[in-house]
$ cat start06.txt   # compact mmCIF, C-alpha atoms
# COMPACT_ATOMS: atom_id res chain seq x y z
CA MET A 20 -9.42 123.81 -22.01
CA SER A 21 -8.29 126.20 -24.73
CA SER A 22 -5.95 125.08 -27.50
CA SER A 23 -3.22 127.35 -26.12
CA SER A 24 -3.61 125.81 -22.67
CA THR A 25 -3.46 122.35 -24.21
CA GLY A 26 -0.27 123.24 -26.03
CA ASP A 27 1.33 124.82 -22.95
CA MET A 28 0.36 121.82 -20.82
CA ALA A 29 1.88 119.42 -23.35
CA ARG A 30 5.10 121.45 -23.40
CA VAL A 31 5.36 121.46 -19.60
CA GLU A 32 4.63 117.74 -19.40
CA LYS A 33 7.36 117.07 -21.95
CA GLU A 34 9.87 119.14 -19.97
CA LEU A 35 8.97 117.41 -16.71
CA LEU A 36 9.13 113.94 -18.21
CA ALA A 37 12.59 114.66 -19.62
CA ARG A 38 13.87 114.66 -16.02
CA TRP A 39 14.84 111.64 -13.95
CA PRO A 40 11.75 109.42 -13.67
CA GLU A 41 10.19 108.33 -10.39
CA SER A 42 11.86 104.96 -10.77
CA ARG A 43 15.34 106.52 -10.56
CA LEU A 44 16.33 107.69 -7.09
CA GLU A 45 19.29 109.36 -5.46
CA PRO A 46 18.30 109.41 -1.77
CA SER A 47 18.74 113.00 -0.64
CA LEU A 48 16.68 115.98 0.47
CA THR A 49 19.41 118.36 -0.69
CA ARG A 50 17.83 119.37 -3.98
CA ILE A 51 14.25 119.78 -2.77
CA SER A 52 15.51 121.65 0.31
CA ALA A 53 17.46 124.04 -1.91
CA LEU A 54 14.39 124.62 -4.08
CA VAL A 55 11.95 125.37 -1.25
CA ASP A 56 14.54 127.67 0.35
CA LEU A 57 14.75 129.64 -2.90
CA LEU A 58 10.94 129.73 -3.06
CA GLY A 59 10.60 131.19 0.44
CA SER A 60 9.71 127.96 2.29
CA PRO A 61 6.20 127.33 0.91
CA HIS A 62 6.16 123.95 2.67
CA ARG A 63 5.97 125.80 5.97
CA ALA A 64 3.04 128.01 4.95
CA MET A 65 0.43 125.49 6.10
CA PRO A 66 0.15 122.48 8.42
CA VAL A 67 0.75 119.15 6.71
CA ILE A 68 -0.84 115.74 7.10
CA GLN A 69 1.58 113.29 5.50
CA VAL A 70 0.65 109.76 4.42
CA ALA A 71 3.25 107.00 3.98
CA GLY A 72 2.88 103.22 3.70
CA THR A 73 2.87 100.53 1.02
CA ASN A 74 -0.80 100.18 0.09
CA GLY A 75 -3.80 102.45 0.53
CA LYS A 76 -1.94 105.78 0.63
CA THR A 77 -3.80 107.51 -2.19
CA THR A 78 -7.26 106.42 -1.05
CA THR A 79 -6.51 107.35 2.56
CA ALA A 80 -5.31 110.78 1.41
CA ARG A 81 -8.51 111.26 -0.60
CA MET A 82 -10.58 110.34 2.45
CA ILE A 83 -8.67 112.75 4.69
CA ASP A 84 -9.16 115.49 2.08
CA GLU A 85 -12.93 114.83 1.88
CA LEU A 86 -13.31 114.87 5.67
CA LEU A 87 -11.33 118.08 6.14
CA ARG A 88 -13.31 119.88 3.45
CA GLY A 89 -16.49 118.67 5.13
CA PHE A 90 -15.38 120.63 8.19
CA GLY A 91 -14.98 123.78 6.12
CA LEU A 92 -11.22 123.75 5.58
CA ARG A 93 -9.53 124.62 2.31
CA VAL A 94 -7.38 121.62 1.40
CA GLY A 95 -4.50 121.02 -0.98
CA ARG A 96 -3.75 117.39 -1.78
CA PHE A 97 -0.66 115.90 -3.41
CA THR A 98 -0.71 112.25 -4.48
CA SER A 99 1.16 110.00 -6.89
CA PRO A 100 1.31 108.42 -9.36
CA HIS A 101 -1.49 109.70 -11.55
CA LEU A 102 -3.92 107.53 -13.48
CA GLU A 103 -4.50 109.63 -16.60
CA SER A 104 -3.44 113.26 -16.16
CA MET A 105 -0.42 114.74 -14.45
CA ARG A 106 -2.74 117.39 -13.01
CA GLU A 107 -4.37 114.72 -10.79
CA ARG A 108 -1.32 114.87 -8.54
CA ILE A 109 -2.02 118.42 -7.34
CA VAL A 110 -5.59 118.87 -6.11
CA LEU A 111 -7.14 122.07 -4.77
CA ASP A 112 -10.63 122.23 -3.27
CA GLY A 113 -11.24 118.62 -4.28
CA GLU A 114 -10.42 119.09 -7.99
CA PRO A 115 -7.21 118.66 -9.99
CA VAL A 116 -5.64 122.03 -10.67
CA SER A 117 -6.46 123.53 -14.04
CA ALA A 118 -4.02 123.29 -16.91
CA GLU A 119 -3.60 127.05 -16.74
CA ARG A 120 -2.67 127.01 -13.08
CA PHE A 121 -0.40 124.00 -13.52
CA VAL A 122 1.49 125.79 -16.30
CA GLU A 123 1.64 129.08 -14.35
CA THR A 124 3.05 127.35 -11.27
CA TYR A 125 5.66 125.56 -13.34
CA ALA A 126 6.68 128.83 -14.98
CA ASP A 127 6.94 130.51 -11.56
CA ILE A 128 9.33 127.92 -10.12
CA ALA A 129 11.26 126.97 -13.28
CA PRO A 130 14.02 129.61 -12.85
CA TYR A 131 14.68 128.36 -9.33
CA VAL A 132 14.70 124.75 -10.48
CA GLN A 133 17.36 125.71 -13.02
CA MET A 134 19.41 127.30 -10.25
CA VAL A 135 19.26 124.09 -8.21
CA ASP A 136 20.14 122.03 -11.29
CA ALA A 137 23.18 124.21 -11.95
CA GLY A 138 24.43 124.05 -8.38
CA GLY A 139 24.14 120.33 -7.72
CA GLU A 140 25.77 117.07 -8.71
CA HIS A 141 22.46 115.79 -10.11
CA PRO A 142 19.56 117.73 -11.64
CA MET A 143 16.21 117.69 -9.89
CA SER A 144 14.02 114.70 -10.69
CA PHE A 145 10.49 114.77 -12.10
CA PHE A 146 9.06 113.94 -8.68
CA GLU A 147 11.11 116.58 -6.86
CA VAL A 148 9.90 119.30 -9.21
CA MET A 149 6.30 118.11 -8.82
CA VAL A 150 6.64 118.30 -5.03
CA GLY A 151 8.05 121.82 -5.31
CA MET A 152 5.15 122.82 -7.55
CA ALA A 153 2.62 121.40 -5.10
CA TYR A 154 4.00 123.21 -2.06
CA ALA A 155 4.31 126.46 -4.04
CA LEU A 156 0.76 126.22 -5.31
CA PHE A 157 -0.67 125.37 -1.88
CA ALA A 158 1.13 128.31 -0.28
CA ASP A 159 -0.09 130.65 -2.98
CA ALA A 160 -3.72 129.46 -2.84
CA PRO A 161 -3.51 129.59 0.22
CA VAL A 162 -4.78 126.37 1.82
CA ASP A 163 -5.60 125.69 5.45
CA VAL A 164 -3.94 122.28 5.35
CA ALA A 165 -1.99 120.16 2.86
CA VAL A 166 -2.57 116.40 2.63
CA VAL A 167 0.63 114.99 1.15
CA GLU A 168 1.21 111.42 0.04
CA VAL A 169 4.79 110.14 0.14
CA GLY A 170 6.07 108.96 -3.22
CA MET A 171 8.34 106.16 -2.01
CA GLY A 172 9.66 105.35 1.44
CA GLY A 173 9.64 108.30 3.80
CA THR A 174 12.91 109.58 5.20
CA TRP A 175 14.42 110.59 1.85
CA ASP A 176 11.20 111.20 -0.03
CA ALA A 177 11.00 114.74 -1.41
CA THR A 178 7.68 115.35 0.35
CA ASN A 179 9.49 114.89 3.65
CA VAL A 180 11.12 118.31 3.40
CA ALA A 181 7.99 119.33 5.35
CA ASP A 182 7.42 118.42 9.00
CA ALA A 183 4.01 116.81 9.30
CA ARG A 184 1.67 117.74 12.12
CA VAL A 185 0.00 114.33 11.63
CA ALA A 186 2.12 111.47 10.24
CA VAL A 187 0.01 108.61 8.89
CA VAL A 188 1.42 105.19 8.01
CA THR A 189 -0.85 102.78 6.14
CA PRO A 190 0.00 99.04 6.12
CA VAL A 191 3.61 98.32 5.23
CA ALA A 192 4.39 95.35 2.97
CA MET A 193 7.13 94.26 0.60
CA ASP A 194 7.54 96.64 -2.34
CA HIS A 195 10.42 98.62 -3.88
CA ALA A 196 12.82 96.32 -2.00
CA GLU A 197 15.74 97.42 -4.17
CA TYR A 198 15.42 100.93 -2.71
CA LEU A 199 13.76 100.46 0.68
CA GLY A 200 15.16 97.22 2.09
CA PRO A 201 14.82 93.43 2.07
CA ASP A 202 12.13 93.02 4.75
CA VAL A 203 9.12 94.83 6.17
CA ALA A 204 10.97 95.96 9.29
CA THR A 205 13.63 97.75 7.24
CA ILE A 206 11.02 99.20 4.88
CA ALA A 207 8.95 100.43 7.84
CA GLY A 208 12.05 102.02 9.32
CA GLU A 209 12.44 104.06 6.13
CA LYS A 210 8.78 105.06 6.12
CA ALA A 211 8.99 105.98 9.83
CA GLY A 212 11.12 108.96 8.82
CA ILE A 213 7.97 111.05 8.38
CA ILE A 214 7.38 110.86 12.15
CA LYS A 215 9.06 113.93 13.63
CA ALA A 216 9.03 115.86 16.88
CA ASP A 217 5.69 117.45 17.81
CA ALA A 218 3.77 115.23 15.38
CA ILE A 219 0.96 112.80 16.09
CA ALA A 220 1.61 109.37 14.57
CA VAL A 221 -1.44 107.51 13.24
CA LEU A 222 -0.54 103.91 12.48
CA ALA A 223 -2.75 101.48 10.56
CA HIS A 224 -2.50 97.78 11.41
CA GLN A 225 1.04 96.56 10.77
CA GLN A 226 2.96 93.32 10.62
CA PRO A 227 4.95 92.83 13.87
CA GLY A 228 8.36 93.77 12.45
CA ALA A 229 6.94 96.88 10.81
CA LEU A 230 5.10 97.97 13.95
CA ASP A 231 8.26 97.64 16.05
CA ALA A 232 10.18 99.92 13.70
CA LEU A 233 7.42 102.53 13.67
CA ILE A 234 6.95 102.51 17.44
CA ARG A 235 10.72 102.77 17.95
CA ARG A 236 10.78 105.93 15.85
CA ALA A 237 7.77 107.36 17.68
CA VAL A 238 9.49 106.77 21.03
CA GLU A 239 12.68 108.41 19.76
CA MET A 240 10.69 111.47 18.66
CA ASP A 241 8.58 111.42 21.86
CA VAL A 242 5.31 111.77 19.94
CA VAL A 243 1.74 110.72 20.65
CA VAL A 244 0.80 107.48 18.86
CA ALA A 245 -2.63 106.26 17.77
CA ARG A 246 -2.72 102.62 16.62
CA GLU A 247 -5.37 100.75 14.70
CA GLY A 248 -6.80 98.06 16.94
CA THR A 249 -6.04 100.04 20.10
CA GLU A 250 -7.03 103.69 19.82
CA PHE A 251 -9.08 103.36 16.61
CA GLY A 252 -10.33 100.77 14.15
CA VAL A 253 -13.20 99.08 12.32
CA LEU A 254 -15.78 97.75 14.77
CA GLU A 255 -18.22 96.33 12.27
CA ARG A 256 -18.88 96.28 8.58
CA ARG A 257 -21.35 94.72 6.20
CA VAL A 258 -21.64 94.61 2.44
CA ALA A 259 -24.03 97.21 1.00
CA VAL A 260 -25.11 98.11 -2.52
CA GLY A 261 -22.15 99.84 -4.18
CA GLY A 262 -19.87 99.50 -1.16
CA GLN A 263 -20.22 98.80 2.55
CA GLN A 264 -21.75 100.05 5.77
CA VAL A 265 -19.23 100.43 8.61
CA ARG A 266 -19.09 101.27 12.28
CA LEU A 267 -15.82 102.91 13.23
CA GLN A 268 -14.01 103.49 16.49
CA GLY A 269 -12.36 106.87 16.33
CA LEU A 270 -10.11 108.66 18.79
CA GLY A 271 -13.15 110.54 20.09
CA GLY A 272 -15.68 107.71 20.17
CA GLU A 273 -17.84 105.56 17.90
CA TYR A 274 -19.19 106.54 14.48
CA GLU A 275 -22.19 104.45 13.45
CA GLU A 276 -23.94 103.84 10.13
CA VAL A 277 -21.16 105.20 7.95
CA TYR A 278 -21.70 104.33 4.29
CA LEU A 279 -18.51 103.89 2.27
CA PRO A 280 -18.93 103.55 -1.52
CA LEU A 281 -15.79 101.43 -1.86
CA PHE A 282 -15.30 97.68 -1.73
CA GLY A 283 -13.29 95.51 0.64
CA ALA A 284 -12.03 95.24 4.21
CA HIS A 285 -8.92 97.22 3.25
CA GLN A 286 -11.05 100.24 2.35
CA ALA A 287 -12.82 100.14 5.70
CA GLN A 288 -9.36 100.06 7.29
CA ASN A 289 -8.34 103.07 5.20
CA ALA A 290 -11.48 104.88 6.38
CA ALA A 291 -10.70 104.23 10.05
CA THR A 292 -7.15 105.47 9.54
CA ALA A 293 -8.29 108.60 7.71
CA LEU A 294 -10.85 109.38 10.40
CA ALA A 295 -8.25 109.05 13.16
CA ALA A 296 -5.88 111.33 11.23
CA VAL A 297 -8.54 114.03 10.91
CA GLU A 298 -9.54 113.69 14.56
CA ALA A 299 -5.89 114.06 15.54
CA PHE A 300 -5.55 117.13 13.35
CA LEU A 301 -8.68 118.72 14.79
CA GLY A 302 -7.65 117.91 18.36
CA ALA A 303 -10.37 115.37 19.06
CA GLY A 304 -9.93 112.57 21.55
CA ALA A 305 -11.59 110.74 24.42
CA ALA A 306 -11.95 113.99 26.37
CA THR A 307 -13.74 115.82 23.55
CA GLY A 308 -15.90 113.05 22.12
CA PRO A 309 -16.52 112.38 18.42
CA ILE A 310 -16.33 115.09 15.80
CA GLU A 311 -19.62 115.93 14.05
CA GLN A 312 -21.06 112.58 13.00
CA GLU A 313 -23.27 113.81 10.16
CA THR A 314 -20.33 115.63 8.61
CA VAL A 315 -18.26 112.45 8.82
CA ARG A 316 -21.05 110.39 7.24
CA ALA A 317 -21.55 112.87 4.41
CA ALA A 318 -17.82 113.04 3.69
CA PHE A 319 -17.32 109.28 3.53
CA ALA A 320 -20.41 108.87 1.34
CA ALA A 321 -18.83 111.32 -1.12
CA VAL A 322 -15.43 109.55 -1.31
CA ARG A 323 -14.34 108.24 -4.68
CA SER A 324 -11.12 106.41 -5.43
CA PRO A 325 -10.63 106.07 -9.19
CA GLY A 326 -8.79 102.98 -10.33
CA ARG A 327 -9.29 101.20 -7.03
CA LEU A 328 -11.64 98.32 -7.80
CA GLU A 329 -13.60 100.75 -9.93
CA ARG A 330 -16.46 99.54 -12.13
CA VAL A 331 -15.99 101.17 -15.55
CA ARG A 332 -18.42 99.08 -17.61
CA THR A 333 -21.40 96.78 -17.15
CA SER A 334 -22.63 93.74 -19.08
CA PRO A 335 -20.14 92.31 -18.62
CA THR A 336 -18.83 94.15 -15.60
CA VAL A 337 -15.30 95.46 -16.10
CA LEU A 338 -13.34 96.44 -13.00
CA VAL A 339 -10.01 98.28 -13.03
CA ASP A 340 -7.71 98.09 -10.06
CA ALA A 341 -4.28 99.57 -9.44
CA ALA A 342 -2.93 96.71 -7.29
CA HIS A 343 0.78 96.34 -8.06
CA ASN A 344 2.18 94.08 -5.33
CA PRO A 345 1.06 90.79 -3.71
CA ALA A 346 -0.42 92.42 -0.60
CA GLY A 347 -2.49 94.81 -2.67
CA MET A 348 -3.61 92.04 -5.03
CA THR A 349 -4.64 89.83 -2.12
CA ALA A 350 -6.80 92.65 -0.76
CA THR A 351 -8.37 93.11 -4.20
CA VAL A 352 -9.13 89.40 -4.53
CA GLU A 353 -10.76 89.30 -1.10
CA ALA A 354 -12.85 92.39 -1.89
CA ILE A 355 -14.10 90.90 -5.18
CA ARG A 356 -15.06 87.66 -3.51
CA GLU A 357 -16.96 89.53 -0.82
CA SER A 358 -18.69 92.18 -2.92
CA PHE A 359 -19.32 90.61 -6.35
CA ASP A 360 -21.15 87.46 -7.37
CA PHE A 361 -19.22 86.51 -10.48
CA THR A 362 -19.58 82.99 -11.82
CA ARG A 363 -16.71 83.65 -14.18
CA LEU A 364 -13.98 86.29 -14.05
CA VAL A 365 -11.34 86.91 -16.71
CA GLY A 366 -8.20 88.77 -15.69
CA VAL A 367 -6.15 91.24 -17.72
CA VAL A 368 -2.71 91.87 -16.24
CA GLY A 369 -0.03 94.34 -17.27
CA ALA A 370 2.88 94.90 -14.90
CA VAL A 371 6.18 96.74 -14.70
CA ARG A 372 9.65 95.40 -14.06
CA GLY A 373 10.92 95.17 -10.51
CA LYS A 374 7.64 93.96 -9.01
CA ASP A 375 6.83 90.57 -7.48
CA VAL A 376 4.74 89.60 -10.48
CA ALA A 377 4.69 85.90 -9.60
CA GLY A 378 3.25 86.78 -6.19
CA MET A 379 0.51 88.88 -7.78
CA LEU A 380 -0.36 86.12 -10.24
CA ALA A 381 -0.53 83.56 -7.44
CA ALA A 382 -3.06 85.76 -5.63
CA LEU A 383 -5.21 85.91 -8.79
CA GLU A 384 -5.01 82.24 -9.76
CA GLU A 385 -8.05 80.94 -7.84
CA LEU A 386 -10.15 83.98 -8.74
CA CYS A 387 -9.68 84.17 -12.52
CA ALA A 388 -10.86 81.45 -14.86
CA GLU A 389 -8.61 82.77 -17.61
CA LEU A 390 -5.91 85.38 -17.92
CA VAL A 391 -4.97 87.72 -20.76
CA VAL A 392 -1.51 89.19 -20.25
CA THR A 393 -0.56 92.45 -21.87
CA GLN A 394 1.69 95.46 -21.36
CA ASN A 395 1.16 99.14 -20.71
CA SER A 396 2.94 102.11 -22.26
CA SER A 397 5.52 102.56 -19.51
CA GLU A 398 9.19 102.33 -20.40
CA ARG A 399 9.42 99.92 -17.45
CA ALA A 400 6.59 97.71 -18.71
CA LEU A 401 7.26 94.00 -18.44
CA PRO A 402 6.99 92.68 -22.03
CA ALA A 403 3.84 90.65 -22.57
CA ASP A 404 5.82 87.56 -23.64
CA GLU A 405 7.83 87.58 -20.40
CA LEU A 406 4.71 88.13 -18.35
CA GLY A 407 3.00 85.36 -20.26
CA ALA A 408 5.76 82.89 -19.38
CA LEU A 409 5.35 83.76 -15.69
CA ALA A 410 1.58 83.41 -15.98
CA VAL A 411 1.81 79.97 -17.60
CA ASP A 412 3.86 78.78 -14.63
CA VAL A 413 1.02 79.79 -12.31
CA PHE A 414 -2.15 79.29 -14.38
CA GLY A 415 -1.13 76.66 -16.93
CA ALA A 416 -0.86 77.23 -20.67
CA ASP A 417 -4.54 76.48 -21.39
CA ARG A 418 -5.73 79.39 -19.21
CA VAL A 419 -3.34 82.08 -20.50
CA SER A 420 -3.32 84.13 -23.67
CA VAL A 421 -0.87 86.87 -24.66
CA GLN A 422 -2.01 90.13 -26.24
CA PRO A 423 0.63 92.89 -26.14
CA VAL A 424 -1.80 95.72 -27.05
CA LEU A 425 -3.79 96.71 -23.96
CA GLY A 426 -6.96 97.68 -25.81
CA GLU A 427 -7.03 94.40 -27.70
CA ALA A 428 -6.32 92.50 -24.48
CA VAL A 429 -9.33 94.10 -22.80
CA SER A 430 -11.51 93.35 -25.84
CA GLU A 431 -10.35 89.72 -25.83
CA ALA A 432 -11.09 89.41 -22.11
CA ILE A 433 -14.61 90.83 -22.60
CA GLU A 434 -15.23 88.30 -25.38
CA LEU A 435 -13.96 85.47 -23.19
CA ALA A 436 -16.18 86.60 -20.31
CA GLU A 437 -19.25 86.86 -22.54
CA ALA A 438 -18.57 83.50 -24.18
CA GLY A 439 -18.46 81.75 -20.84
CA ARG A 440 -21.44 83.52 -19.32
CA ASP A 441 -24.46 81.53 -18.17
CA ASP A 442 -27.17 84.07 -17.41
CA ALA A 443 -29.12 81.49 -15.41
CA LEU A 444 -26.27 81.14 -12.95
CA GLY A 445 -24.99 84.69 -12.61
CA GLY A 446 -22.71 87.25 -14.15
CA SER A 447 -19.31 87.26 -15.70
CA GLY A 448 -16.73 89.97 -15.45
CA VAL A 449 -13.29 91.28 -16.31
CA LEU A 450 -10.62 92.57 -13.94
CA VAL A 451 -7.85 94.77 -15.36
CA THR A 452 -4.97 95.11 -12.93
CA GLY A 453 -1.25 94.76 -12.21
CA SER A 454 -0.13 98.40 -12.27
CA VAL A 455 -1.40 101.93 -11.71
CA ILE A 456 -0.41 102.65 -15.31
CA THR A 457 -2.40 99.67 -16.61
CA ALA A 458 -5.45 100.72 -14.59
CA GLY A 459 -5.23 104.32 -15.81
CA GLU A 460 -4.81 103.40 -19.46
CA ALA A 461 -7.70 100.91 -19.28
CA ARG A 462 -9.94 103.58 -17.73
CA ALA A 463 -9.13 105.94 -20.57
CA LEU A 464 -9.76 103.30 -23.23
CA LEU A 465 -13.06 102.15 -21.78
CA SER A 466 -14.33 105.70 -21.42
CA GLY A 467 -13.46 106.55 -25.02
CA ARG A 468 -10.47 108.70 -24.12
CA ARG A 469 -7.01 108.04 -25.48
CA PRO A 470 -4.65 106.84 -22.70

$ encode --input "start06.txt" --output "structure tokens"
Amino acid sequence: MSSSSTGDMARVEKELLARWPESRLEPSLTRISALVDLLGSPHRAMPVIQVAGTNGKTTTARMIDELLRGFGLRVGRFTSPHLESMRERIVLDGEPVSAERFVETYADIAPYVQMVDAGGEHPMSFFEVMVGMAYALFADAPVDVAVVEVGMGGTWDATNVADARVAVVTPVAMDHAEYLGPDVATIAGEKAGIIKADAIAVLAHQQPGALDALIRRAVEMDVVVAREGTEFGVLERRVAVGGQQVRLQGLGGEYEEVYLPLFGAHQAQNAATALAAVEAFLGAGAATGPIEQETVRAAFAAVRSPGRLERVRTSPTVLVDAAHNPAGMTATVEAIRESFDFTRLVGVVGAVRGKDVAGMLAALEELCAELVVTQNSSERALPADELGALAVDVFGADRVSVQPVLGEAVSEAIELAEAGRDDALGGSGVLVTGSVITAGEARALLSGRRP
């Protein structure tokens, strides 16, 4: 990247971050609708596969992207939040867009964003502008299909200005209750808003209340529904080196000997959901049989999901994981127990306000011998002292230390892991988790990049 590109990218990032953050919402599609109208409706230039849910959205979107490209389609992918670079949110042909293209797209739409700002009660938010940039860039590319992850909820999410051909809902759990509702049924009802007429709804396994809300919406829209456990699912899986080997039931039949280089039952579930979404998009079903099995195997073998139980160092092993709610943390804990043979694991946790931190800590308590609590750079970061007090309630004072600087917290955890290691019995490790921001900043630190 040239110095001029670096400077332009920094300027654009600063302008975008000066807008309302993703944590501040005013539920409405008015502003994003006005923007895409001014831009000539780029969101209608390509079919859309939209992914909502509480956990697993980003990984499922990455899997869908990999599968579609395996079948020769040009794919645009929009996900959030990012781990390290804002450019990660807008992906073209499997790679984050270049700084040059990011800046050019922003410059192209900026005059129209200013028009929307001037004509509305509230200016456009950071997320709304990013969505507008993504749709504009995908239309200009052009792409054959856009894979779009919902930011929060569904009905009022800016991505939902588009009408998805395939509407995917990953497992719904409690998160963002202050915006989405007090229980999973209400939250699922909000996420169900991505299911519209003429779509195909692909539903991962859901809690009963959530499933009822999703099915009710599907019936109202009179759409075809594919459900995990009925029309598709995971038939078998076994731990393999670096991941797992799975056998999947798709809409068109069985897919055997699929290697997935990701850990945990939840990732196999994401794979089954992604496969069903791609089958639905390509028109596959019981009458057509499976889509090309070798292409499916090659695509899944190529899937990567940075920051999702990702090994970023060895000796001792350091894992970073973006789990940020109790359901996600429980899945992470189960995956570590299944796939790693640690005799001692030290946790590093940095969280943000508004999350069920006590629930996450409770999920970690039996897994981690000790815990180092810290904080990330977010303005919403839960101060390390406050997090430490919560951790002491769960772990006890003798198992908790407080280190507000993330890099020093990781270093302390590595020292604790090494000090307690008994090479005759097995390995020790470190898990850095609690927030996407924490995971991203830890990745940057451990790779020698500044977060």

$ closest_residue --input "start06.txt" --among "A:Asp112, A:Asp84, A:Glu389, A:Glu119" --to "Ala160 of chain A" --atoms "only C-alpha atoms"
A:Asp112

$ residues_near_point --input "start06.txt" --point "(-17.9, 115.6, 15.5)" --cutoff "10 Å" --atoms "only C-alpha atoms" --output "ChimeraX atom specification"
/A:90,271-272,274,298,301,303,307-315

$ residues_around --input "start06.txt" --residues "His285 of chain A" --least-positions-apart "3" --cutoff "9 Å" --atoms "all atoms listed in the file" --output "PyMOL selection string"
chain A and resi 75+282+288-290+350-351+354

$ residues_around --input "start06.txt" --residues "segment 184-193 of chain A" --least-positions-apart "4" --cutoff "8 Å" --atoms "all atoms listed in the file" --output "ChimeraX atom specification"
/A:66-76,201-203,206-207,210-211,213-214,217-226,229,289,292,296,299-300,344,346

$ write_last_selection --input "start06.txt" --atoms "C-alpha atoms" --output "mmCIF file, in the coordinates of the input"
data_model
loop_
_atom_site.group_PDB
_atom_site.id
_atom_site.type_symbol
_atom_site.label_atom_id
_atom_site.label_comp_id
_atom_site.auth_asym_id
_atom_site.auth_seq_id
_atom_site.Cartn_x
_atom_site.Cartn_y
_atom_site.Cartn_z
ATOM 1 C CA PRO A 66 0.150 122.480 8.420
ATOM 2 C CA VAL A 67 0.750 119.150 6.710
ATOM 3 C CA ILE A 68 -0.840 115.740 7.100
ATOM 4 C CA GLN A 69 1.580 113.290 5.500
ATOM 5 C CA VAL A 70 0.650 109.760 4.420
ATOM 6 C CA ALA A 71 3.250 107.000 3.980
ATOM 7 C CA GLY A 72 2.880 103.220 3.700
ATOM 8 C CA THR A 73 2.870 100.530 1.020
ATOM 9 C CA ASN A 74 -0.800 100.180 0.090
ATOM 10 C CA GLY A 75 -3.800 102.450 0.530
ATOM 11 C CA LYS A 76 -1.940 105.780 0.630
ATOM 12 C CA PRO A 201 14.820 93.430 2.070
ATOM 13 C CA ASP A 202 12.130 93.020 4.750
ATOM 14 C CA VAL A 203 9.120 94.830 6.170
ATOM 15 C CA ILE A 206 11.020 99.200 4.880
ATOM 16 C CA ALA A 207 8.950 100.430 7.840
ATOM 17 C CA LYS A 210 8.780 105.060 6.120
ATOM 18 C CA ALA A 211 8.990 105.980 9.830
ATOM 19 C CA ILE A 213 7.970 111.050 8.380
ATOM 20 C CA ILE A 214 7.380 110.860 12.150
ATOM 21 C CA ASP A 217 5.690 117.450 17.810
ATOM 22 C CA ALA A 218 3.770 115.230 15.380
ATOM 23 C CA ILE A 219 0.960 112.800 16.090
ATOM 24 C CA ALA A 220 1.610 109.370 14.570
ATOM 25 C CA VAL A 221 -1.440 107.510 13.240
ATOM 26 C CA LEU A 222 -0.540 103.910 12.480
ATOM 27 C CA ALA A 223 -2.750 101.480 10.560
ATOM 28 C CA HIS A 224 -2.500 97.780 11.410
ATOM 29 C CA GLN A 225 1.040 96.560 10.770
ATOM 30 C CA GLN A 226 2.960 93.320 10.620
ATOM 31 C CA ALA A 229 6.940 96.880 10.810
ATOM 32 C CA ASN A 289 -8.340 103.070 5.200
ATOM 33 C CA THR A 292 -7.150 105.470 9.540
ATOM 34 C CA ALA A 296 -5.880 111.330 11.230
ATOM 35 C CA ALA A 299 -5.890 114.060 15.540
ATOM 36 C CA PHE A 300 -5.550 117.130 13.350
ATOM 37 C CA ASN A 344 2.180 94.080 -5.330
ATOM 38 C CA ALA A 346 -0.420 92.420 -0.600
#

$ atom_distance --input "start06.txt" --atom1 "atom CA of Val352 of chain A" --atom2 "atom CA of Gly283 of chain A"
9.0 Å

$ atom_distance --input "start06.txt" --atom1 "atom CA of Val419 of chain A" --atom2 "atom CA of Val376 of chain A"
14.9 Å

$ residues_around --input "start06.txt" --residues "Asp241 of chain A" --least-positions-apart "3" --cutoff "8 Å" --atoms "all atoms listed in the file" --output "list in words"
Ala216, Asp217, Ala237 and Val238 of chain A

$ residues_around --input "start06.txt" --residues "segment 422-434 of chain A" --least-positions-apart "3" --cutoff "6 Å" --atoms "all atoms listed in the file" --output "PyMOL selection string"
chain A and resi 365+393-394+403+437-438

$ write_last_selection --input "start06.txt" --atoms "C-alpha atoms" --output "short mmCIF file (atom, residue, chain, number, x, y, z; two decimals), in the frame of the given file"
data_model
loop_
_atom_site.label_atom_id
_atom_site.label_comp_id
_atom_site.auth_asym_id
_atom_site.auth_seq_id
_atom_site.Cartn_x
_atom_site.Cartn_y
_atom_site.Cartn_z
CA VAL A 365 -11.34 86.91 -16.71
CA THR A 393 -0.56 92.45 -21.87
CA GLN A 394 1.69 95.46 -21.36
CA ALA A 403 3.84 90.65 -22.57
CA GLU A 437 -19.25 86.86 -22.54
CA ALA A 438 -18.57 83.50 -24.18
#

$ atom_distance --input "start06.txt" --atom1 "atom CA of Ser447 of chain A" --atom2 "atom CA of Leu386 of chain A"
12.0 Å

$ closest_residue --input "start06.txt" --among "A:Val260, A:Ala321, A:Ala408, A:Gly453" --to "Pro345 of chain A" --atoms "all atoms listed in the file"
A:Gly453

$ closest_residue --input "start06.txt" --among "A:Trp175, A:Phe121, A:Tyr131, A:Phe97" --to "Val150 of chain A" --atoms "all atoms listed in the file"
A:Phe97

$ residues_near_point --input "start06.txt" --point "(2.9, 119.1, -1.1)" --cutoff "12 Å" --atoms "all atoms listed in the file" --output "MDAnalysis selection string"
chainID A and resid 51 55 60:70 80 94:99 108:111 146:158 162 164:170 176:183
